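Trainee: For reference, the structure I am asking about is given below.
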Amino acid sequence: MSTRIFVVYYSSTGNTAALAESLAEGARETGAEVRVRTVPETVPAEAIARNPRWQAWVDAGPHHDLATLEDLEWADGLAVGSPTRFGGPAAQLKSFLDSTGGLWAQGKLADKVATSFTTASTAHGGLESTLLAINNVFYHWGAIVVPLGYTDPHLMASGNPYGGSFVSRKSAAPDDVALDALRLQGRRLATVTTHVATGLKRAG
């Protein structure tokens, strides 16, 4: 049976969604079965309307099916992505993570392999703290956290060993450096997840 990877993200203008798709592409290159899901938008319509790019993204949707707890239970490994909001993940994504208490209490999230990714509009806008904040949830679950690391020469250019990221200066879309880093992260997630799953089956 192939390794099952769940990619869940929140995106307000499409940048984080683009990273999610590249990560999923990398995971699929290993033969993994991949689900890509998003989370509900919860911001009032009038607030979205004040940002033309945000409004355009909402109008262009729906972009993916909404994530469920069943997706999370199904997965062997997962990737969680969010734009940076004041140095942490967006409330829309955090709300989904906060709904996982029942699975956590049953021990169904332990030993899943997990990684994170993010976007921001400024170079020092909280990329690393957002990734670390998402990872804090993984620690509580008992998941096995897989950082991107400097595991490939290409990643020296992307500059973030904690997880894939992109700085959207002047509303730029993710560039090839960022997208390539996310593909590497997807391959790494799927490969490590396969090793972990195989080891757990042998131990069991």
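By convention in this document, the chains of the structure tokens carry letters A, B, ... by their order, each chain's residues are numbered from 1, and ligands are numbered from 1 in the order they are shown.
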Distance table requested - stretch 139-191 of chain A against stretch 9-18 of chain A, cut-off 10 Å, only C-alpha atoms: one row per qualifying residue with the closest atom pair and its distance in Å to one decimal, ordered by chain and rising residue number, as JSON lines.
Mentor:
{"residue": "A:Ser165", "atom": "CA", "partner": "A:Thr16", "partner_atom": "CA", "distance": 8.7}
{"residue": "A:Phe166", "atom": "CA", "partner": "A:Asn15", "partner_atom": "CA", "distance": 8.3}
{"residue": "A:Val167", "atom": "CA", "partner": "A:Asn15", "partner_atom": "CA", "distance": 9.6}
{"residue": "A:Ser168", "atom": "CA", "partner": "A:Asn15", "partner_atom": "CA", "distance": 8.0}
{"residue": "A:Ser171", "atom": "CA", "partner": "A:Thr13", "partner_atom": "CA", "distance": 9.0}
{"residue": "A:Ala172", "atom": "CA", "partner": "A:Asn15", "partner_atom": "CA", "distance": 8.5}
{"residue": "A:Ala173", "atom": "CA", "partner": "A:Asn15", "partner_atom": "CA", "distance": 6.0}
{"residue": "A:Pro174", "atom": "CA", "partner": "A:Asn15", "partner_atom": "CA", "distance": 6.2}
{"residue": "A:Asp175", "atom": "CA", "partner": "A:Ala18", "partner_atom": "CA", "distance": 10.0}
{"residue": "A:Ala178", "atom": "CA", "partner": "A:Ala18", "partner_atom": "CA", "distance": 9.8}
{"residue": "A:Leu179", "atom": "CA", "partner": "A:Ala18", "partner_atom": "CA", "distance": 7.8}
{"residue": "A:Leu182", "atom": "CA", "partner": "A:Ala18", "partner_atom": "CA", "distance": 9.5}
Trainee: Write out as a ChimeraX atom specification the set of residues from chain A that DSSP, computed on the backbone, places in strand (DSSP E).
Mentor: /A:4-9,33-38,77-85,88-89,113-120,144-145,164-167
Trainee: Store the residues picked out above in a file with C-alpha atoms, as a PDB file, in the first residue's frame.
Mentor:
ATOM      1  CA  ARG A   4      -0.583   8.453   2.287  1.00  0.00           C
ATOM      2  CA  ILE A   5       0.222  12.167   2.503  1.00  0.00           C
ATOM      3  CA  PHE A   6      -2.243  14.874   3.545  1.00  0.00           C
ATOM      4  CA  VAL A   7      -1.476  18.497   2.625  1.00  0.00           C
ATOM      5  CA  VAL A   8      -3.688  21.038   4.394  1.00  0.00           C
ATOM      6  CA  TYR A   9      -3.357  24.785   4.016  1.00  0.00           C
ATOM      7  CA  GLU A  33      -1.024   8.948  -2.545  1.00  0.00           C
ATOM      8  CA  VAL A  34      -1.705  12.612  -1.803  1.00  0.00           C
ATOM      9  CA  ARG A  35      -4.743  14.595  -0.696  1.00  0.00           C
ATOM     10  CA  VAL A  36      -4.632  18.406  -0.851  1.00  0.00           C
ATOM     11  CA  ARG A  37      -7.266  20.217   1.206  1.00  0.00           C
ATOM     12  CA  THR A  38      -7.957  23.731   2.423  1.00  0.00           C
ATOM     13  CA  GLY A  77       2.267  11.939   6.948  1.00  0.00           C
ATOM     14  CA  LEU A  78       1.061  15.486   6.632  1.00  0.00           C
ATOM     15  CA  ALA A  79       2.160  18.974   5.618  1.00  0.00           C
ATOM     16  CA  VAL A  80       0.506  22.038   7.138  1.00  0.00           C
ATOM     17  CA  GLY A  81       0.790  25.489   5.567  1.00  0.00           C
ATOM     18  CA  SER A  82      -0.351  28.989   6.403  1.00  0.00           C
ATOM     19  CA  PRO A  83       0.529  32.585   5.639  1.00  0.00           C
ATOM     20  CA  THR A  84       2.166  34.365   8.543  1.00  0.00           C
ATOM     21  CA  ARG A  85      -0.216  36.378  10.701  1.00  0.00           C
ATOM     22  CA  GLY A  88       1.919  32.809  13.824  1.00  0.00           C
ATOM     23  CA  PRO A  89      -0.436  30.761  11.617  1.00  0.00           C
ATOM     24  CA  VAL A 113       5.193  12.364  10.229  1.00  0.00           C
ATOM     25  CA  ALA A 114       4.630  16.113   9.894  1.00  0.00           C
ATOM     26  CA  THR A 115       6.166  19.182   8.284  1.00  0.00           C
ATOM     27  CA  SER A 116       5.146  22.834   7.825  1.00  0.00           C
ATOM     28  CA  PHE A 117       5.417  25.685   5.310  1.00  0.00           C
ATOM     29  CA  THR A 118       4.517  29.371   5.164  1.00  0.00           C
ATOM     30  CA  THR A 119       4.486  32.674   3.285  1.00  0.00           C
ATOM     31  CA  ALA A 120       4.870  36.323   4.306  1.00  0.00           C
ATOM     32  CA  ILE A 144       7.518  13.019  14.187  1.00  0.00           C
ATOM     33  CA  VAL A 145       8.567  16.445  12.914  1.00  0.00           C
ATOM     34  CA  GLY A 164       9.458  25.785   2.948  1.00  0.00           C
ATOM     35  CA  SER A 165       8.694  29.502   2.772  1.00  0.00           C
ATOM     36  CA  PHE A 166       8.308  32.427   0.415  1.00  0.00           C
ATOM     37  CA  VAL A 167       8.521  36.199   0.851  1.00  0.00           C
TER      38      VAL A 167
END
Trainee: My list of candidates is A:Lys94, A:Tyr150, A:Gly61, A:Ser22. Which is closest to A:Ala133 when distances are computed with only C-alpha atoms?
Mentor: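 Closest candidate: A:Lys94.
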